[in-house]
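S.K.: What follows is the file work06.txt, containing compact mmCIF, C-alpha atoms and all ligand atoms:
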```txt
# COMPACT_ATOMS: atom_id res chain seq x y z
CA MET A 1 6.64 -5.09 32.15
CA ALA A 2 4.79 -3.79 35.20
CA THR A 3 2.61 -0.73 34.64
CA ASP A 4 0.15 1.29 36.65
CA GLN A 5 -2.24 1.31 33.69
CA PRO A 6 -4.71 -1.56 33.56
CA HIS A 7 -4.15 -2.30 29.86
CA GLY A 8 -0.53 -1.26 29.39
CA PRO A 9 0.52 2.11 27.96
CA LEU A 10 -0.10 1.40 24.27
CA LEU A 11 -3.63 0.16 24.71
CA ALA A 12 -4.37 2.95 27.21
CA GLU A 13 -3.36 5.58 24.64
CA TYR A 14 -5.36 3.81 21.96
CA LEU A 15 -8.46 3.69 24.14
CA LYS A 16 -8.25 7.46 24.70
CA GLY A 17 -9.17 7.81 21.06
CA GLU A 18 -6.60 10.48 20.26
CA GLN A 19 -5.47 8.98 17.00
CA LEU A 20 -2.09 9.78 15.44
CA ALA A 21 -2.87 9.50 11.73
CA ARG A 22 -5.49 11.51 9.89
CA GLY A 23 -6.65 12.02 6.34
CA ARG A 24 -7.03 15.56 5.01
CA LEU A 25 -9.46 17.09 2.58
CA ALA A 26 -7.71 17.85 -0.70
CA ARG A 27 -8.71 20.55 -3.14
CA PRO A 28 -9.95 18.93 -6.34
CA THR A 29 -8.76 20.18 -9.70
CA THR A 30 -11.89 20.82 -11.73
CA GLY A 31 -12.80 22.91 -14.76
CA GLN A 32 -11.39 22.64 -18.28
CA ALA A 33 -9.19 19.60 -18.65
CA GLN A 34 -6.09 19.02 -20.72
CA LEU A 35 -6.89 15.48 -21.79
CA GLU A 36 -4.15 13.47 -23.45
CA ARG A 37 -4.07 10.34 -25.58
CA LEU A 38 -2.92 8.09 -22.78
CA PRO A 39 -2.88 4.31 -22.77
CA LEU A 40 -5.90 3.11 -20.79
CA ARG A 41 -6.03 -0.46 -19.55
CA CYS A 42 -8.45 -2.15 -17.15
CA TRP A 43 -8.50 -5.35 -15.14
CA LEU A 44 -11.16 -6.90 -12.93
CA SER A 45 -9.31 -7.49 -9.68
CA GLY A 46 -12.44 -8.68 -7.85
CA THR A 47 -15.84 -9.58 -9.28
CA GLY A 48 -17.56 -10.76 -6.09
CA THR A 49 -20.10 -9.42 -3.62
CA PRO A 50 -20.51 -9.81 0.16
CA ALA A 51 -21.17 -13.51 -0.52
CA VAL A 52 -18.00 -15.52 -0.01
CA VAL A 53 -17.50 -17.48 -3.24
CA ASP A 54 -14.40 -19.39 -4.25
CA GLY A 55 -12.54 -17.50 -6.96
CA ARG A 56 -14.40 -14.19 -6.69
CA TYR A 57 -12.75 -11.67 -4.39
CA GLY A 58 -14.53 -8.54 -3.15
CA PRO A 59 -15.32 -5.98 -5.84
CA SER A 60 -12.44 -3.93 -7.19
CA THR A 61 -11.35 -2.77 -10.63
CA VAL A 62 -7.88 -1.61 -11.64
CA LEU A 63 -7.19 1.00 -14.32
CA SER A 64 -3.80 1.96 -15.63
CA ILE A 65 -4.08 5.45 -17.14
CA GLY A 66 -0.81 6.88 -18.38
CA GLU A 67 1.49 7.06 -15.37
CA ASP A 68 -1.32 6.60 -12.86
CA LEU A 69 -2.67 3.42 -11.30
CA VAL A 70 -6.27 3.65 -10.19
CA MET A 71 -8.29 1.25 -8.07
CA VAL A 72 -12.08 1.52 -8.00
CA ASP A 73 -13.43 -0.01 -4.81
CA THR A 74 -11.33 -1.91 -2.33
CA GLY A 75 -13.13 -5.18 -1.74
CA ASN A 76 -11.66 -8.00 0.27
CA GLY A 77 -8.29 -9.14 -1.01
CA CYS A 78 -7.78 -6.21 -3.41
CA ALA A 79 -4.11 -5.75 -2.46
CA TYR A 80 -3.39 -9.43 -3.10
CA GLN A 81 -5.30 -9.40 -6.37
CA LEU A 82 -3.32 -6.35 -7.45
CA PHE A 83 -0.13 -8.26 -6.70
CA ARG A 84 -1.37 -11.16 -8.84
CA LEU A 85 -1.79 -8.63 -11.67
CA GLY A 86 1.90 -7.80 -11.34
CA ARG A 87 1.43 -4.48 -9.53
CA ARG A 88 1.86 -3.46 -5.91
CA PRO A 89 -0.25 -1.44 -3.43
CA GLU A 90 2.38 1.32 -3.24
CA GLU A 91 1.94 1.94 -6.98
CA VAL A 92 -1.72 2.92 -6.56
CA THR A 93 -2.04 6.67 -7.07
CA HIS A 94 -5.84 7.03 -6.80
CA VAL A 95 -8.49 5.01 -4.99
CA LEU A 96 -12.16 5.62 -5.78
CA ILE A 97 -14.90 4.27 -3.56
CA THR A 98 -18.33 3.93 -5.17
CA HIS A 99 -20.27 3.64 -1.90
CA ASN A 100 -19.82 2.54 1.65
CA HIS A 101 -21.14 -1.00 1.59
CA VAL A 102 -18.54 -3.22 3.20
CA ASP A 103 -17.89 -5.34 0.11
CA HIS A 104 -16.68 -2.14 -1.61
CA ASN A 105 -14.56 -0.52 1.10
CA ALA A 106 -13.44 -3.40 3.34
CA ASP A 107 -9.73 -3.35 2.45
CA LEU A 108 -9.13 0.38 2.04
CA GLY A 109 -7.22 0.47 5.33
CA PHE A 110 -5.00 -2.46 4.44
CA LEU A 111 -4.29 -1.07 0.97
CA ILE A 112 -3.04 2.17 2.57
CA LEU A 113 -1.34 0.77 5.67
CA ALA A 114 0.56 -2.13 4.07
CA PRO A 115 2.91 0.09 1.98
CA TRP A 116 3.39 2.43 4.95
CA ILE A 117 4.43 -0.50 7.12
CA HIS A 118 6.78 -1.83 4.46
CA ARG A 119 8.20 1.66 3.80
CA THR A 120 7.67 1.15 0.09
CA GLN A 121 5.51 4.15 -0.73
CA GLU A 122 6.56 7.69 -1.56
CA LYS A 123 3.15 9.04 -0.64
CA PRO A 124 -0.28 7.56 0.03
CA PRO A 125 -2.90 7.45 -2.73
CA THR A 126 -5.55 10.11 -3.12
CA VAL A 127 -8.83 8.64 -1.89
CA ILE A 128 -11.96 9.78 -3.74
CA GLY A 129 -15.43 8.83 -2.59
CA PRO A 130 -18.89 9.87 -1.42
CA PRO A 131 -19.54 12.48 1.26
CA GLY A 132 -18.29 10.96 4.52
CA THR A 133 -15.16 9.46 2.98
CA LEU A 134 -12.82 11.62 5.09
CA GLU A 135 -14.60 10.45 8.23
CA TYR A 136 -14.40 6.86 7.04
CA VAL A 137 -10.64 7.16 6.41
CA ASN A 138 -10.15 8.68 9.85
CA ARG A 139 -12.16 5.94 11.51
CA ILE A 140 -9.93 3.36 9.81
CA PHE A 141 -6.90 5.11 11.28
CA ALA A 142 -8.64 5.26 14.66
CA ALA A 143 -9.32 1.54 14.52
CA HIS A 144 -5.65 0.87 13.72
CA ASP A 145 -4.19 3.49 16.05
CA TYR A 146 -2.83 0.80 18.36
CA ASP A 147 -0.78 -0.61 15.48
CA ILE A 148 0.35 2.85 14.34
CA ARG A 149 1.51 3.71 17.89
CA ALA A 150 3.24 0.37 18.28
CA ARG A 151 5.41 1.18 15.25
CA LEU A 152 6.63 4.58 16.51
CA PRO A 153 9.65 3.04 18.32
CA HIS A 154 10.73 1.65 14.93
CA GLY A 155 10.87 5.14 13.47
CA TYR A 156 7.59 5.24 11.60
CA ASP A 157 6.05 8.65 10.91
CA PRO A 158 2.23 8.95 11.01
CA GLU A 159 2.62 11.90 8.59
CA GLY A 160 3.11 9.24 5.93
CA LEU A 161 -0.56 8.40 6.45
CA SER A 162 -1.79 11.91 5.76
CA VAL A 163 -4.10 10.71 2.99
CA PRO A 164 -5.56 13.32 0.62
CA VAL A 165 -9.32 12.81 0.39
CA ILE A 166 -11.72 14.24 -2.19
CA GLU A 167 -15.44 13.88 -1.52
CA VAL A 168 -17.51 13.87 -4.70
CA ASP A 169 -20.99 15.00 -5.58
CA ASP A 170 -23.20 14.23 -8.53
CA GLY A 171 -21.61 15.49 -11.74
CA LEU A 172 -18.29 16.52 -10.21
CA THR A 173 -15.46 16.07 -12.70
CA LEU A 174 -11.92 15.82 -11.40
CA ASN A 175 -8.88 16.42 -13.58
CA PHE A 176 -5.61 14.60 -13.17
CA SER A 177 -2.53 14.10 -15.35
CA GLY A 178 -4.06 14.02 -18.82
CA TRP A 179 -7.25 12.23 -17.73
CA GLN A 180 -10.43 13.01 -15.85
CA VAL A 181 -13.09 11.19 -13.90
CA SER A 182 -16.71 12.20 -13.42
CA ALA A 183 -18.85 11.07 -10.50
CA VAL A 184 -22.41 10.05 -11.35
CA LYS A 185 -24.97 9.54 -8.63
CA VAL A 186 -26.66 6.18 -9.15
CA GLU A 187 -29.67 4.44 -7.59
CA HIS A 188 -28.79 2.17 -4.69
CA SER A 189 -31.31 3.43 -2.13
CA PRO A 190 -31.32 3.25 0.87
CA VAL A 191 -27.65 4.02 0.21
CA GLU A 192 -28.13 7.65 -0.83
CA ASP A 193 -24.53 8.41 -1.69
CA ALA A 194 -23.75 5.76 -4.28
CA PHE A 195 -21.74 6.71 -7.35
CA GLY A 196 -20.63 5.37 -10.68
CA TYR A 197 -17.52 6.81 -12.31
CA VAL A 198 -16.71 7.69 -15.92
CA PHE A 199 -13.01 7.90 -16.81
CA ARG A 200 -11.92 9.82 -19.90
CA THR A 201 -8.70 10.38 -21.77
CA ALA A 202 -8.50 12.39 -25.01
CA ALA A 203 -9.37 9.26 -26.99
CA HIS A 204 -11.26 6.84 -24.79
CA ALA A 205 -13.77 6.42 -21.97
CA VAL A 206 -14.55 3.71 -19.44
CA ALA A 207 -17.57 3.74 -17.14
CA ILE A 208 -17.97 1.78 -13.92
CA SER A 209 -21.48 1.50 -12.49
CA GLY A 210 -20.86 0.71 -8.84
CA ASP A 211 -23.96 -0.84 -7.29
CA THR A 212 -27.16 0.46 -8.83
CA ARG A 213 -30.53 -0.27 -10.28
CA PRO A 214 -30.79 0.64 -13.97
CA SER A 215 -29.71 4.29 -13.82
CA ASP A 216 -30.72 6.92 -16.40
CA SER A 217 -28.04 9.28 -15.09
CA LEU A 218 -25.37 6.65 -15.65
CA ILE A 219 -26.72 5.97 -19.16
CA ALA A 220 -26.49 9.69 -19.92
CA ALA A 221 -23.00 10.13 -18.49
CA ALA A 222 -21.63 7.00 -20.14
CA GLN A 223 -22.81 7.77 -23.70
CA GLY A 224 -20.51 6.19 -26.26
CA VAL A 225 -18.02 4.72 -23.81
CA ASP A 226 -15.56 2.14 -25.04
CA VAL A 227 -16.23 0.00 -21.99
CA LEU A 228 -19.11 -0.15 -19.52
CA ILE A 229 -18.28 -2.23 -16.45
CA HIS A 230 -21.64 -2.91 -14.82
CA GLU A 231 -22.98 -4.92 -11.92
CA ALA A 232 -25.60 -7.60 -12.58
CA LEU A 233 -28.04 -9.75 -10.64
CA PHE A 234 -29.79 -12.96 -11.63
CA PRO A 235 -33.48 -13.25 -10.67
CA GLY A 236 -34.03 -15.25 -7.50
CA TYR A 237 -30.81 -14.08 -5.83
CA GLY A 238 -29.82 -11.07 -3.72
CA ILE A 239 -31.87 -7.89 -3.32
CA PRO A 240 -33.41 -7.04 -6.72
CA ASP A 241 -34.68 -3.62 -5.56
CA TYR A 242 -31.27 -1.97 -5.68
CA HIS A 243 -29.35 -3.97 -8.26
CA THR A 244 -29.60 -4.35 -12.04
CA SER A 245 -31.20 -7.52 -13.33
CA VAL A 246 -29.47 -9.55 -16.01
CA HIS A 247 -32.64 -8.86 -17.99
CA ASP A 248 -32.00 -5.08 -17.82
CA VAL A 249 -28.22 -4.70 -18.00
CA GLY A 250 -28.07 -5.28 -21.78
CA ARG A 251 -30.68 -2.59 -22.30
CA VAL A 252 -28.62 -0.21 -20.15
CA ALA A 253 -25.50 -0.88 -22.22
CA LYS A 254 -27.42 -0.44 -25.47
CA ALA A 255 -28.93 2.85 -24.28
CA ALA A 256 -25.45 4.04 -23.31
CA ASN A 257 -24.11 3.03 -26.76
CA ALA A 258 -21.31 1.15 -25.07
CA ALA A 259 -18.99 -0.77 -27.37
CA LEU A 260 -18.14 -3.37 -24.75
CA LEU A 261 -20.20 -4.45 -21.74
CA VAL A 262 -18.37 -6.16 -18.89
CA LEU A 263 -20.43 -7.79 -16.16
CA THR A 264 -18.99 -7.72 -12.66
CA HIS A 265 -20.26 -7.91 -9.05
CA LEU A 266 -22.16 -11.00 -10.17
CA ILE A 267 -25.06 -11.99 -7.92
CA PRO A 268 -24.68 -14.91 -7.52
CA GLY A 269 -21.08 -15.73 -8.31
CA HIS A 270 -21.39 -19.40 -9.17
CA LEU A 271 -23.57 -19.50 -12.32
CA PRO A 272 -22.04 -20.60 -15.62
CA GLU A 273 -21.13 -17.82 -18.04
CA GLU A 274 -23.68 -18.95 -20.64
CA LYS A 275 -26.62 -18.24 -18.32
CA TRP A 276 -25.65 -14.57 -18.14
CA ARG A 277 -24.59 -14.31 -21.77
CA ASP A 278 -27.76 -15.87 -23.23
CA ILE A 279 -30.02 -13.33 -21.54
CA VAL A 280 -27.88 -10.20 -22.01
CA GLN A 281 -27.38 -10.84 -25.72
CA ARG A 282 -31.12 -10.65 -26.31
CA SER A 283 -30.96 -6.88 -25.76
CA PHE A 284 -27.30 -5.99 -26.38
CA GLN A 285 -25.47 -6.81 -29.59
CA GLY A 286 -22.11 -5.24 -28.70
CA ASP A 287 -19.15 -7.10 -27.26
CA LEU A 288 -19.83 -8.79 -23.95
CA ILE A 289 -17.55 -10.12 -21.22
CA VAL A 290 -18.93 -12.02 -18.24
CA GLY A 291 -16.30 -11.00 -15.72
CA THR A 292 -13.92 -13.26 -13.87
CA ASP A 293 -11.25 -12.27 -11.38
CA LEU A 294 -7.89 -11.07 -12.77
CA LEU A 295 -9.24 -10.67 -16.31
CA GLN A 296 -7.90 -7.79 -18.39
CA VAL A 297 -10.94 -6.29 -20.08
CA CYS A 298 -9.47 -3.45 -22.12
CA ASP A 299 -6.24 -2.18 -23.63
CA LEU A 300 -6.97 1.18 -25.28
CA SER A 301 -4.43 3.56 -26.70
ZN ZN B 401 -21.87 -4.49 -3.60
ZN ZN B 402 -23.91 -1.92 -2.43
```
Please, can you express the file's structure as structure tokens?
M.R.:
Amino acid sequence: MATDQPHGPLLAEYLKGEQLARGRLARPTTGQAQLERLPLRCWLSGTGTPAVVDGRYGPSTVLSIGEDLVMVDTGNGCAYQLFRLGRRPEEVTHVLITHNHVDHNADLGFLILAPWIHRTQEKPPTVIGPPGTLEYVNRIFAAHDYDIRARLPHGYDPEGLSVPVIEVDDGLTLNFSGWQVSAVKVEHSPVEDAFGYVFRTAAHAVAISGDTRPSDSLIAAAQGVDVLIHEALFPGYGIPDYHTSVHDVGRVAKAANAALLVLTHLIPGHLPEEKWRDIVQRSFQGDLIVGTDLLQVCDLS
């Protein structure tokens, strides 16, 4: 179709930068919680890193807590991995981002946009993350504004992408339906705003480290957890300054009095399980899982 605009009307509108969809800051529910004895189950949907390794998708962890479905980090392929676990993106009620390294947030946009496009969601998930998360969500929508505009003639409503966003700070505890999650600032400098999360029901607790060096604040916040899902690095690979060595991760789990330690975000992703297990078991005598993709790691009730 002929047009007086050099790029056509859709692209011209997109290039103006006046995006249609926006996230919105949501008011967190904090204070005294009414925790309930809810079933709490966890799966490793992705145990990888920025390195592309066969069989390890980008980092993400799925928790089913009562009626809610929670995804922690949205690494590459997280929506597909969720599907392989028998669940769908539109079922996700809460997304938590640990920090804004691309392996952890790469597929947030797809996870939100896919159900909107397929008209299968009642409402978008609440997105919880470090300071700057609202801006990040809005930049995703800006990047995809062309697509969002192109769907208007089919009756799509950008209001359906009005994503509630909660930005966390160290120690902030958020209350949801019978469960709560606490944000714990961890040590991933030069990434200043990196967080681990501790999930609690009335009966159980699960901690997820995010990317961090051995973190005393995480050890304190995760005391006595049923499950500690922690990143790990093998000497000679990656950037040791801001990750937790396989020689230290068992000590961290022991100091946190964790019943079960689950290794994820394995740097590198191709070593045999025994290499990790042999070293960690020198300092940690609890249960140990060397994570693989799509593994269920807990079923607590
Ligand atoms: Zn990472
Ligand atoms: Zn990182």
S.K.: If you measure from CA of Val290 (chain A) to CA of Val249 (chain A), what distance in Å do you get, rounded to one decimal?
M.R.: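 Separation between CA of Val290 (chain A) and CA of Val249 (chain A): 11.8 Å.
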S.K.: Tell me, counting only C-alpha atoms, for each residue of region 143-210 of chain A within 6 Å of region 21-38 of chain A, which pair of atoms is nearest and how far apart they are in Å to one decimal, in rows ordered by chain and increasing number, as CSV.
M.R.:
```
residue,atom,partner,partner_atom,distance
A:Pro158,CA,A:Ala21,CA,5.2
A:Leu161,CA,A:Ala21,CA,5.9
A:Ser162,CA,A:Gly23,CA,4.9
A:Val163,CA,A:Gly23,CA,4.4
A:Pro164,CA,A:Arg24,CA,5.1
A:Val165,CA,A:Leu25,CA,4.8
A:Ile166,CA,A:Ala26,CA,5.6
A:Leu174,CA,A:Thr30,CA,5.0
A:Asn175,CA,A:Thr29,CA,5.4
A:Gly178,CA,A:Leu35,CA,4.4
A:Trp179,CA,A:Leu35,CA,5.2
A:Thr201,CA,A:Leu35,CA,5.4
A:Ala202,CA,A:Leu35,CA,4.7
A:Ala203,CA,A:Arg37,CA,5.6
```
S.K.: Pick out the residues sitting within 12 Å of Gln19 (chain A), and hand them over as an NGL selection string; count only C-alpha atoms, and ignore anything fewer than 6 positions along from it in its own chain.
M.R.: :A and (10-13 or 137-149 or 158 or 161)
S.K.: Report, in Å to a single decimal, how far apart CA of Lys275 (chain A) and CA of Leu233 (chain A) are.
M.R.: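 So the two atoms, CA of Leu233 (chain A) and CA of Lys275 (chain A), lie 11.5 Å apart.
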S.K.: For each of A:Gly171, A:Gly55, A:Pro272, A:Gly210, take the minimum atom-to-atom distance to ligand ZN 402 (chain B), counting all atoms listed in the file, then give the residue where this is smallest.
M.R.: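 Residue with the minimum atom-to-atom distance to ligand ZN 402 (chain B): A:Gly210.
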S.K.: Could you list, as a PyMOL selection string, every residue within 10 Å of Arg277 (chain A), counting all atoms listed in the file and ignoring same-chain residues fewer than 6 positions away?
M.R.: chain A and resi 246+250+263+284+288-290
S.K.: Box time for region 198-215 of chain A: axis-aligned, enclosing all its listed atoms, 6 Å extra on each side; report centre and edge lengths in Å to one decimal, as lines of an AutoDock Vina configuration file.
M.R.:
```
center_x = -19.6
center_y = 5.8
center_z = -17.1
size_x = 34.3
size_y = 25.2
size_z = 31.7
```
S.K.: Which residue out of A:Val262, A:Val186, A:Val227, A:Leu152 has the minimum interatomic distance to Pro130 (chain A) when all atoms listed in the file are used?
M.R.: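 Closest residue, counting all atoms listed in the file: A:Val186.
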S.K.: Could you list the protein, DNA and RNA residues that have any atom within 7 Å of ligand ZN 402 (chain B), counting only C-alpha atoms and all ligand atoms, and write them as an NGL selection string?
M.R.: :A and (99 or 101 or 188 or 211)
S.K.: Distance limit 7 Å, reference ligand ZN 401 (chain B), atoms considered: only C-alpha atoms and all ligand atoms. Which residues make the cut? Give them as a VMD selection string.
M.R.: chain A and resid 49 to 50 101 103 to 104 211 265
S.K.: Could you give me, as a PyMOL selection string, the residues within 9 Å of Leu63 (chain A), counting only C-alpha atoms and dropping anything in the same chain fewer than 5 positions from it?
M.R.: chain A and resi 40-44+68-72
S.K.: Taking into account all atoms listed in the file, which residue in the set A:Asn257, A:Ser64, A:Ser283, A:Thr93 is nearest to Pro125 (chain A)?
M.R.: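 Closest to Pro125 (chain A), using all atoms listed in the file: A:Thr93.
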S.K.: Which residues come within 7 Å of region 109-119 of chain A, counting only C-alpha atoms, excluding same-chain residues fewer than 3 positions away, as a PyMOL selection string?
M.R.: chain A and resi 79+89-90+124+140+160
S.K.: Show me, as an MDAnalysis selection string, the residues that have an atom within 12 Å of Asp169 (chain A) when counting all atoms listed in the file, minus same-chain residues fewer than 5 positions from it.
M.R.: chainID A and resid 28 98:99 128:133 174 182:186 192:197
S.K.: Between A:Leu218, A:Val102, A:Ile97, A:Ala205, which one has atoms that come closest to Val168 (chain A), using all atoms listed in the file?
M.R.: A:Ile97
S.K.: Please fill the gaps in region 280-300 of chain A so it has N, CA and C atoms, and write that as a CSV table (one decimal), in the coordinates of the input.
M.R.:
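Done, and the output landed in rebuild.csv:
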```
chain,number,residue,atom,x,y,z
A,280,VAL,N,-28.3,-11.6,-21.7
A,280,VAL,CA,-27.9,-10.2,-22.0
A,280,VAL,C,-27.9,-10.0,-23.5
A,281,GLN,N,-27.5,-11.0,-24.3
A,281,GLN,CA,-27.4,-10.8,-25.7
A,281,GLN,C,-28.7,-10.7,-26.4
A,282,ARG,N,-29.8,-10.9,-25.7
A,282,ARG,CA,-31.1,-10.6,-26.3
A,282,ARG,C,-31.3,-9.1,-26.5
A,283,SER,N,-30.7,-8.3,-25.7
A,283,SER,CA,-31.0,-6.9,-25.8
A,283,SER,C,-29.7,-6.1,-26.1
A,284,PHE,N,-28.5,-6.7,-26.1
A,284,PHE,CA,-27.3,-6.0,-26.4
A,284,PHE,C,-26.5,-6.8,-27.4
A,285,GLN,N,-26.2,-6.1,-28.5
A,285,GLN,CA,-25.5,-6.8,-29.6
A,285,GLN,C,-24.0,-6.4,-29.7
A,286,GLY,N,-23.5,-5.6,-28.7
A,286,GLY,CA,-22.1,-5.2,-28.7
A,286,GLY,C,-21.3,-6.4,-28.1
A,287,ASP,N,-20.0,-6.1,-27.9
A,287,ASP,CA,-19.2,-7.1,-27.3
A,287,ASP,C,-19.5,-7.3,-25.8
A,288,LEU,N,-19.4,-8.5,-25.3
A,288,LEU,CA,-19.8,-8.8,-24.0
A,288,LEU,C,-18.8,-9.7,-23.3
A,289,ILE,N,-18.4,-9.3,-22.1
A,289,ILE,CA,-17.6,-10.1,-21.2
A,289,ILE,C,-18.3,-10.4,-19.9
A,290,VAL,N,-18.4,-11.7,-19.6
A,290,VAL,CA,-18.9,-12.0,-18.2
A,290,VAL,C,-17.7,-12.1,-17.4
A,291,GLY,N,-17.6,-11.2,-16.4
A,291,GLY,CA,-16.3,-11.0,-15.7
A,291,GLY,C,-15.9,-12.2,-14.8
A,292,THR,N,-14.6,-12.4,-14.8
A,292,THR,CA,-13.9,-13.3,-13.9
A,292,THR,C,-12.7,-12.5,-13.3
A,293,ASP,N,-12.3,-12.9,-12.1
A,293,ASP,CA,-11.2,-12.3,-11.4
A,293,ASP,C,-9.9,-12.3,-12.2
A,294,LEU,N,-9.2,-11.2,-12.2
A,294,LEU,CA,-7.9,-11.1,-12.8
A,294,LEU,C,-7.9,-11.0,-14.3
A,295,LEU,N,-9.1,-10.8,-14.9
A,295,LEU,CA,-9.2,-10.7,-16.3
A,295,LEU,C,-8.9,-9.2,-16.8
A,296,GLN,N,-8.1,-9.1,-17.8
A,296,GLN,CA,-7.9,-7.8,-18.4
A,296,GLN,C,-9.0,-7.6,-19.4
A,297,VAL,N,-9.8,-6.5,-19.3
A,297,VAL,CA,-10.9,-6.3,-20.1
A,297,VAL,C,-10.8,-5.2,-21.1
A,298,CYS,N,-9.7,-4.4,-21.0
A,298,CYS,CA,-9.5,-3.4,-22.1
A,298,CYS,C,-8.0,-3.0,-22.2
A,299,ASP,N,-7.6,-2.7,-23.4
A,299,ASP,CA,-6.2,-2.2,-23.6
A,299,ASP,C,-6.4,-1.1,-24.7
A,300,LEU,N,-6.6,0.1,-24.3
A,300,LEU,CA,-7.0,1.2,-25.3
A,300,LEU,C,-5.8,2.1,-25.4
```
